[in-house]
Each structure stands twice: as C-alpha cells, then as structure tokens.
$ cat run_28.cif   # mmCIF, C-alpha atoms
data_data
#
loop_
_atom_site.label_atom_id
_atom_site.label_comp_id
_atom_site.auth_asym_id
_atom_site.auth_seq_id
_atom_site.Cartn_x
_atom_site.Cartn_y
_atom_site.Cartn_z
CA MET A 1 9.52 -36.08 -40.57
CA LYS A 2 12.10 -33.66 -42.00
CA ASP A 3 9.64 -30.80 -41.64
CA LEU A 4 9.18 -31.72 -38.00
CA GLU A 5 12.94 -31.74 -37.37
CA GLN A 6 13.38 -28.37 -39.10
CA ALA A 7 10.53 -26.86 -37.07
CA PHE A 8 12.13 -28.17 -33.86
CA GLU A 9 15.55 -26.74 -34.79
CA LEU A 10 13.95 -23.40 -35.66
CA GLY A 11 12.20 -23.33 -32.29
CA VAL A 12 15.46 -24.07 -30.45
CA SER A 13 17.31 -21.31 -32.31
CA GLN A 14 14.55 -18.81 -31.59
CA GLN A 15 14.59 -19.78 -27.92
CA LYS A 16 18.37 -19.22 -27.77
CA ARG A 17 17.96 -15.83 -29.44
CA PHE A 18 15.19 -14.92 -26.96
CA ASN A 19 17.35 -15.94 -23.99
CA ALA A 20 20.26 -13.92 -25.36
CA THR A 21 18.16 -10.76 -25.59
CA GLN A 22 16.61 -11.07 -22.12
CA PRO A 23 17.74 -8.27 -19.77
CA LYS A 24 20.26 -9.19 -17.12
CA VAL A 25 18.87 -9.63 -13.61
CA TRP A 26 21.05 -7.51 -11.34
CA LEU A 27 19.50 -8.46 -8.01
CA ARG A 28 18.47 -12.04 -7.36
CA ASN A 29 18.15 -11.74 -3.56
CA GLU A 30 14.43 -11.58 -2.86
CA CYS A 31 14.79 -9.63 0.39
CA VAL A 32 16.88 -6.93 -1.27
CA ARG A 33 14.42 -6.63 -4.17
CA VAL A 34 11.47 -6.39 -1.80
CA GLY A 35 13.21 -3.89 0.45
CA LEU A 36 14.19 -1.59 -2.40
CA ALA A 37 10.73 -1.72 -3.98
CA GLU A 38 8.96 -1.06 -0.67
CA THR A 39 11.27 1.85 0.10
CA LEU A 40 10.73 3.42 -3.32
CA CYS A 41 6.95 3.02 -3.45
CA THR A 42 6.64 4.43 0.09
CA TYR A 43 8.87 7.33 -0.90
CA VAL A 44 6.75 8.09 -3.98
CA MET A 45 3.51 7.95 -2.00
CA MET A 46 4.86 10.21 0.74
CA VAL A 47 6.41 12.78 -1.59
CA PHE A 48 3.07 13.32 -3.33
CA GLY A 49 1.15 13.27 -0.04
CA LEU A 50 3.40 15.55 1.99
CA GLY A 51 3.92 17.78 -1.03
CA SER A 52 0.18 18.38 -1.29
CA VAL A 53 0.05 19.34 2.41
CA ALA A 54 3.01 21.69 2.05
CA GLN A 55 1.43 23.41 -0.94
CA VAL A 56 -1.89 23.94 0.83
CA VAL A 57 -0.34 25.18 4.09
CA THR A 58 2.30 27.52 2.68
CA GLY A 59 -0.04 28.70 -0.08
CA GLN A 60 -2.62 29.72 2.56
CA GLY A 61 -5.48 28.41 0.47
CA ALA A 62 -4.37 29.96 -2.81
CA PHE A 63 -2.92 26.68 -4.12
CA GLY A 64 -5.46 24.15 -2.94
CA GLU A 65 -7.79 23.24 -0.11
CA TYR A 66 -8.25 20.21 2.16
CA LEU A 67 -9.52 18.16 -0.79
CA SER A 68 -6.16 18.72 -2.49
CA ILE A 69 -4.50 16.83 0.36
CA ASN A 70 -6.99 13.97 0.06
CA LEU A 71 -6.31 13.76 -3.67
CA GLY A 72 -2.55 14.03 -3.16
CA PHE A 73 -2.42 11.10 -0.77
CA GLY A 74 -4.98 9.05 -2.71
CA LEU A 75 -3.22 9.42 -6.05
CA GLY A 76 0.15 9.07 -4.32
CA VAL A 77 -0.94 5.68 -2.97
CA ALA A 78 -2.08 4.66 -6.47
CA MET A 79 1.31 5.60 -7.94
CA GLY A 80 3.07 3.77 -5.12
CA VAL A 81 1.16 0.59 -5.92
CA HIS A 82 2.23 0.91 -9.56
CA VAL A 83 5.86 1.31 -8.47
CA GLY A 84 6.15 -1.67 -6.11
CA GLY A 85 2.96 -3.68 -6.31
CA LYS A 86 4.33 -6.68 -8.21
CA VAL A 87 7.52 -6.86 -6.15
CA SER A 88 6.73 -6.09 -2.51
CA GLY A 89 2.96 -5.77 -2.63
CA ALA A 90 3.36 -2.02 -1.98
CA HIS A 91 2.13 -2.09 1.61
CA MET A 92 3.57 1.40 2.37
CA ASN A 93 1.99 1.02 5.80
CA ALA A 94 3.21 -0.92 8.84
CA ALA A 95 -0.40 -1.60 9.86
CA VAL A 96 -0.96 -3.38 6.54
CA SER A 97 2.24 -5.41 6.88
CA PHE A 98 1.45 -6.36 10.49
CA THR A 99 -2.07 -7.43 9.53
CA MET A 100 -0.79 -9.53 6.63
CA CYS A 101 1.53 -11.31 9.07
CA MET A 102 -1.32 -11.90 11.51
CA PHE A 103 -3.39 -13.61 8.81
CA GLY A 104 -0.54 -15.63 7.34
CA ARG A 105 -0.20 -13.64 4.12
CA LEU A 106 3.32 -12.46 4.97
CA GLY A 107 6.05 -14.24 6.90
CA TRP A 108 6.89 -12.70 10.27
CA LYS A 109 10.58 -12.70 9.37
CA MET A 110 9.77 -10.21 6.60
CA LEU A 111 8.04 -7.74 8.91
CA PRO A 112 11.22 -5.94 10.11
CA LEU A 113 12.31 -5.50 6.49
CA TYR A 114 8.97 -3.97 5.50
CA ILE A 115 8.89 -1.65 8.51
CA PHE A 116 12.47 -0.50 7.95
CA ALA A 117 11.80 0.15 4.25
CA GLN A 118 8.64 2.11 5.06
CA LEU A 119 10.41 4.17 7.71
CA LEU A 120 13.29 4.92 5.37
CA GLY A 121 11.03 5.87 2.47
CA SER A 122 8.90 8.13 4.68
CA PHE A 123 11.93 9.80 6.28
CA LEU A 124 13.56 10.49 2.91
CA ALA A 125 10.28 11.85 1.54
CA ALA A 126 9.98 14.23 4.49
CA GLY A 127 13.52 15.45 3.83
CA THR A 128 12.75 15.88 0.15
CA ILE A 129 9.63 17.97 0.75
CA TYR A 130 11.43 20.05 3.37
CA GLY A 131 14.13 20.79 0.81
CA VAL A 132 11.69 21.56 -1.99
CA TYR A 133 9.53 23.82 0.19
CA TYR A 134 12.31 25.19 2.41
CA ASP A 135 11.95 28.78 1.23
CA ALA A 136 8.14 28.61 1.23
CA ILE A 137 8.02 27.21 4.77
CA HIS A 138 10.37 29.84 6.16
CA GLU A 139 8.61 32.64 4.31
CA TYR A 140 5.27 31.42 5.68
CA CYS A 141 6.33 31.14 9.32
CA GLY A 142 8.96 33.86 9.35
CA GLY A 143 11.72 31.38 10.12
CA ASN A 144 10.09 30.28 13.38
CA LEU A 145 9.43 26.56 13.12
CA THR A 146 6.54 25.79 15.47
CA VAL A 147 4.33 22.79 16.18
CA THR A 148 1.22 24.63 17.35
CA GLY A 149 -0.28 28.03 16.70
CA GLU A 150 -1.57 29.94 13.68
CA LEU A 151 1.68 29.61 11.73
CA ALA A 152 2.52 26.04 12.77
CA THR A 153 4.26 24.01 10.08
CA ALA A 154 5.00 20.69 11.80
CA GLY A 155 1.61 19.46 10.59
CA ILE A 156 2.97 19.44 7.04
CA PHE A 157 4.93 16.32 7.93
CA ALA A 158 3.11 14.47 10.74
CA THR A 159 -0.44 14.40 12.09
CA TYR A 160 -1.66 16.29 15.16
CA PRO A 161 -5.06 16.20 16.85
CA ALA A 162 -7.68 18.94 16.63
CA PRO A 163 -7.86 21.06 19.83
CA TYR A 164 -11.13 19.42 20.87
CA LEU A 165 -9.93 15.82 20.45
CA SER A 166 -9.05 13.70 23.48
CA LEU A 167 -6.44 10.96 23.37
CA MET A 168 -9.13 8.31 23.74
CA GLY A 169 -11.21 9.88 20.98
CA GLY A 170 -8.15 10.04 18.76
CA PHE A 171 -7.27 6.43 19.51
CA ILE A 172 -10.77 5.30 18.49
CA ASP A 173 -10.49 7.47 15.37
CA GLN A 174 -7.25 5.76 14.33
CA VAL A 175 -8.50 2.27 15.11
CA LEU A 176 -11.71 2.76 13.14
CA GLY A 177 -10.05 4.43 10.16
CA THR A 178 -7.45 1.69 9.80
CA ALA A 179 -10.06 -1.02 10.37
CA LEU A 180 -12.04 0.28 7.42
CA LEU A 181 -8.86 0.48 5.35
CA LEU A 182 -7.93 -3.16 5.93
CA LEU A 183 -11.52 -4.41 5.70
CA CYS A 184 -11.86 -2.87 2.26
CA LEU A 185 -8.38 -4.01 1.17
CA MET A 186 -9.34 -7.57 2.05
CA ALA A 187 -12.50 -7.20 -0.03
CA LEU A 188 -10.64 -5.69 -2.98
CA SER A 189 -8.25 -8.67 -3.03
CA ASP A 190 -10.82 -11.41 -2.38
CA GLN A 191 -10.92 -13.39 -5.63
CA ARG A 192 -14.09 -15.23 -4.57
CA ASN A 193 -16.07 -12.04 -4.00
CA LYS A 194 -15.96 -8.84 -6.08
CA PRO A 195 -12.27 -7.96 -6.29
CA ALA A 196 -10.87 -5.00 -8.17
CA ALA A 197 -10.59 -5.83 -11.86
CA ALA A 198 -7.13 -6.86 -13.03
CA GLY A 199 -5.05 -3.76 -13.67
CA THR A 200 -7.33 -1.44 -11.69
CA GLU A 201 -5.98 -2.35 -8.24
CA PRO A 202 -3.82 0.80 -7.85
CA ILE A 203 -6.63 3.23 -8.57
CA ALA A 204 -9.04 1.21 -6.41
CA VAL A 205 -6.69 1.40 -3.42
CA GLY A 206 -6.06 5.08 -4.09
CA LEU A 207 -9.79 5.78 -4.15
CA LEU A 208 -10.14 3.92 -0.85
CA VAL A 209 -7.56 6.18 0.80
CA LEU A 210 -9.26 9.21 -0.75
CA LEU A 211 -12.60 8.06 0.67
CA ILE A 212 -11.17 7.69 4.18
CA GLY A 213 -9.61 11.14 3.92
CA ILE A 214 -12.78 12.95 2.87
CA SER A 215 -14.87 11.18 5.52
CA MET A 216 -12.57 10.69 8.52
CA GLY A 217 -9.87 13.34 8.31
CA ARG A 218 -11.33 16.08 10.48
CA ASN A 219 -10.17 14.83 13.88
CA SER A 220 -6.48 14.23 13.33
CA GLY A 221 -5.62 14.09 9.65
CA TYR A 222 -6.24 10.34 9.14
CA ALA A 223 -2.71 9.01 9.66
CA ILE A 224 -3.93 5.35 9.67
CA ASN A 225 -0.28 4.43 9.15
CA PRO A 226 2.39 4.21 11.89
CA THR A 227 5.42 4.53 9.62
CA ARG A 228 3.88 7.38 7.62
CA ASP A 229 3.57 9.37 10.86
CA ILE A 230 6.56 8.51 13.04
CA ALA A 231 9.30 8.82 10.40
CA PRO A 232 8.41 12.39 9.32
CA ARG A 233 7.88 13.26 13.00
CA LEU A 234 11.42 12.13 13.74
CA PHE A 235 12.63 14.19 10.79
CA THR A 236 10.96 17.35 12.11
CA ALA A 237 12.44 16.70 15.55
CA VAL A 238 15.98 16.88 14.13
CA ALA A 239 15.27 19.48 11.43
CA GLY A 240 14.43 22.36 13.75
CA TRP A 241 11.02 21.78 15.33
CA GLY A 242 12.54 20.07 18.37
CA MET A 243 10.96 17.76 20.92
CA ASP A 244 7.67 19.66 20.83
CA VAL A 245 6.66 17.29 18.03
CA PHE A 246 6.36 14.60 20.72
CA ARG A 247 4.84 16.79 23.44
CA ALA A 248 2.10 18.40 21.37
CA GLY A 249 -1.48 17.18 21.72
CA ASN A 250 -0.86 15.79 25.22
CA GLY A 251 1.75 13.40 23.84
CA TRP A 252 -0.24 12.52 20.74
CA TRP A 253 2.67 10.85 18.93
CA TRP A 254 1.95 7.31 20.22
CA VAL A 255 -1.70 7.25 19.07
CA PRO A 256 -1.02 6.91 15.29
CA LEU A 257 1.73 4.46 16.22
CA VAL A 258 -0.39 2.05 18.28
CA GLY A 259 -3.95 2.51 17.02
CA PRO A 260 -3.54 1.53 13.33
CA PRO A 261 -2.09 -1.98 13.86
CA ILE A 262 -4.94 -2.80 16.24
CA GLY A 263 -7.51 -1.39 13.83
CA GLY A 264 -5.97 -3.22 10.89
CA VAL A 265 -6.27 -6.62 12.58
CA LEU A 266 -9.83 -5.86 13.72
CA GLY A 267 -10.96 -4.74 10.24
CA ALA A 268 -9.37 -7.64 8.38
CA GLY A 269 -10.64 -10.08 11.00
CA LEU A 270 -14.15 -8.71 10.71
CA TYR A 271 -14.17 -9.23 6.95
CA LYS A 272 -12.74 -12.72 7.30
CA VAL A 273 -15.27 -13.80 9.95
CA LEU A 274 -18.36 -12.26 8.36
CA VAL A 275 -17.60 -12.79 4.66
CA GLU A 276 -14.50 -14.71 3.59
CA MET A 277 -14.96 -17.74 5.83
CA HIS A 278 -18.42 -18.37 4.38
CA HIS A 279 -17.49 -18.63 0.71
CA PRO A 280 -18.56 -22.02 -0.72
CA HIS A 281 -15.71 -24.44 -1.27
CA VAL A 282 -14.71 -25.01 -4.88
CA SER A 283 -15.71 -28.68 -4.60
CA GLU A 284 -19.28 -27.78 -3.61
CA PRO A 285 -21.87 -27.55 -6.43
CA VAL A 286 -22.96 -23.96 -6.89
CA ASP A 287 -25.86 -23.24 -9.27
CA GLY A 288 -24.96 -26.10 -11.60
CA LEU A 289 -21.34 -24.98 -12.08
CA MET A 290 -20.00 -28.44 -11.26
CA GLU A 291 -22.23 -30.02 -13.88
CA GLU A 292 -20.95 -27.57 -16.48
CA PHE A 293 -17.41 -28.29 -15.42
CA ASP A 294 -17.94 -32.05 -15.85
CA GLU A 295 -19.36 -31.50 -19.34
CA GLU A 296 -16.39 -29.33 -20.35
CA ALA A 297 -13.96 -31.89 -18.96
CA SER A 298 -15.67 -34.64 -20.97
CA LEU A 299 -15.46 -32.61 -24.17
CA LEU A 300 -11.81 -31.86 -23.53
CA LYS A 301 -11.10 -35.55 -23.04
CA LYS A 302 -12.79 -36.39 -26.35
CA GLN A 303 -10.73 -33.70 -28.12
CA LYS A 304 -7.52 -35.18 -26.71
CA ILE A 305 -8.48 -38.65 -27.99
CA ILE A 306 -9.21 -37.23 -31.46
CA CYS A 307 -5.90 -35.36 -31.53
CA ALA A 308 -4.05 -38.50 -30.45
CA ASN A 309 -5.66 -40.50 -33.27
CA VAL A 310 -4.75 -37.82 -35.83
CA CYS A 311 -1.13 -37.72 -34.67
CA VAL A 312 -0.90 -41.51 -34.95
#
$ encode --input "run_28.cif" --output "structure tokens"
Amino acid sequence: MKDLEQAFELGVSQQKRFNATQPKVWLRNECVRVGLAETLCTYVMMVFGLGSVAQVVTGQGAFGEYLSINLGFGLGVAMGVHVGGKVSGAHMNAAVSFTMCMFGRLGWKMLPLYIFAQLLGSFLAAGTIYGVYYDAIHEYCGGNLTVTGELATAGIFATYPAPYLSLMGGFIDQVLGTALLLLCLMALSDQRNKPAAAGTEPIAVGLLVLLIGISMGRNSGYAINPTRDIAPRLFTAVAGWGMDVFRAGNGWWWVPLVGPPIGGVLGAGLYKVLVEMHHPHVSEPVDGLMEEFDEEASLLKKQKIICANVCV
C-alpha cells in the first residue's frame, strides 16, 4: 500500500513539473488564432507562387519555364498547409472556404474571417514580391508598367486570359478547374475511402495543385482561387498599373472571382453524390468485420475480468 501511495505522489509531482514547463498560450481566442494562421499560410503560399512567376517573366526564360511556376505554386501550397493546417485548415482559397460552408464543414459565421485573412495574405504577398523584384520588373519593362503587350508585367500578380479565350470559355475553364480541385480534396480527406496517409496531406494537396497547373493552365493561368486573384489585382491597380487591370481581357477580372466558388460546390457535390454517400454505415457487416469486432470485444472483456480479479 505504501508503494502505491509513493507512486501516486510521484505521479502528481511529475504532473506539476510538466504543467510548469508547458509553454504559455498567448492567444486563446479561436477566431484570432484561425485568422492569423490563415493569413500567414496564404502569405507563404502566395510569396512562393508569385515569386516563381516573377522570376520566370523577368528572367525571360533564363531562370525557369512554365513548369517552374507550376512547381512554385504546388510546393507553396504544400508549405502553406504545413504552416496553418492544424489551426485553420489552411484553405488559402475562398472557393474552398465557401464549399466547406456549403457542406457544413465550416460555420458560415467563419467565412468572412477566412476571406479577409486570405485577401490580406495575398495582398501582402503581392507587395512583398513587388518589393523583392522591383528593380527586375522595371529593368524588364523599362519602367513602363503595362497589363498587355510583349513586356506586360501585370500577369506576374494576377491572371489574364489568352488572346483566343472568350469570357464564356474562361468561365467554364475556372469552374472545371476548381471543381476538380475540390473533388480531389474531398477524396484526399475521406477517411472511409483512400485518404492521404497521415503526415502526407501537405504534399498530396501540393501535387494536386501542380497537376491542375500542368494540365489546365494554358487558357488563363489556372487561378481557381478568387482571393488569390483579386487581392494582387487590387495591389497592381494601386501600385502603378492602373485600372487597366480590370479592363483587360474584356473585363476578365470577375471570371476568377465568380467561377471558382461555383466549381468548388459542383466538384465537392459530385464526389459526395457519387462516392461519399454510398459508403457502408459502420454498423453494417462488411466482409466479416463485425464478427471480428465482436470477437475482439469478447476477448477484451475477459481481460478486464482477469485484471479485476488480480487487483482484488
């Protein structure tokens, strides 16, 4: 009995020591924590993504090609998920946040916070890349900041359609690209299907974005993200490119703003209707799993009875 009391006292003292060495929690407000994490992970993703575009454009092919941009955004997304994944979920995309609200995975009251954080992170990232590549941009374009033409540089920050692309074609492009993004994200997180292995989620999501870029980027640069496009576009409007950023491409600016949320809901809904809704319920017997479960439960019960007898 004395040994038991000493062991208990030792455990209590160790617990007190553990509590004393735990780091202090500075922010307990969940909304603030989520907002800061979402802002930072969006910022990280956009700095790497926009930086890769700036390097390719100003380097005129000497410092990377189109694949460099795909890799920059893909790996940037992966790093963003590492930065904020356990806190905010690292949406980094208003279409993702809107879709999560539509399917009950995020409260609607949180949507404004997510969108604001994503806009802020994207805007700050655009400013950062403009500052880092300021000299390179001005050397490349001769100080003339233009939206269209051979020496256009506005495309470093926001997406613009190819000359052949109509608004309707671009709208379909954005809807389809975002639909595939959300469809695959739903699959990667579906624990009753074949989800990404624990710990590999960031690289899996990054590879998904890379895949969309190398297969669907020709038409308009695969924005598939309203906040990723509109915030840097606003930055370029005030940084010297002017209102042409909204007039170019027959008023293209609204397409990556409206198309992705629609595509996100369609893609996630398609996965849910065709796959997720048809998973067997846990209570249904599947290939003898319930029988095995009953056997394990019986063995566990016997072990508890044995342990109880030994303790007595």
$ closest_residue --input "run_28.cif" --among "A:Ala197, A:Ala126, A:Ile214, A:Ala179" --to "Pro260 of chain A" --atoms "only C-alpha atoms"
A:Ala179
$ atom_distance --input "run_28.cif" --atom1 "atom CA of Gln55 of chain A" --atom2 "atom CA of Trp252 of chain A"
24.3 Å
$ closest_residue --input "run_28.cif" --among "A:Glu150, A:Met186, A:Leu40, A:Ala54" --to "Arg105 of chain A" --atoms "all atoms listed in the file"
A:Met186
$ residues_around --input "run_28.cif" --residues "Cys141 of chain A" --least-positions-apart "2" --cutoff "8 Å" --atoms "all atoms listed in the file" --output "PyMOL selection string"
chain A and resi 137-139+143-145+151-153
$ residues_around --input "run_28.cif" --residues "Pro232 of chain A" --least-positions-apart "5" --cutoff "6 Å" --atoms "only C-alpha atoms" --output "PyMOL selection string"
chain A and resi 123+126+157-158
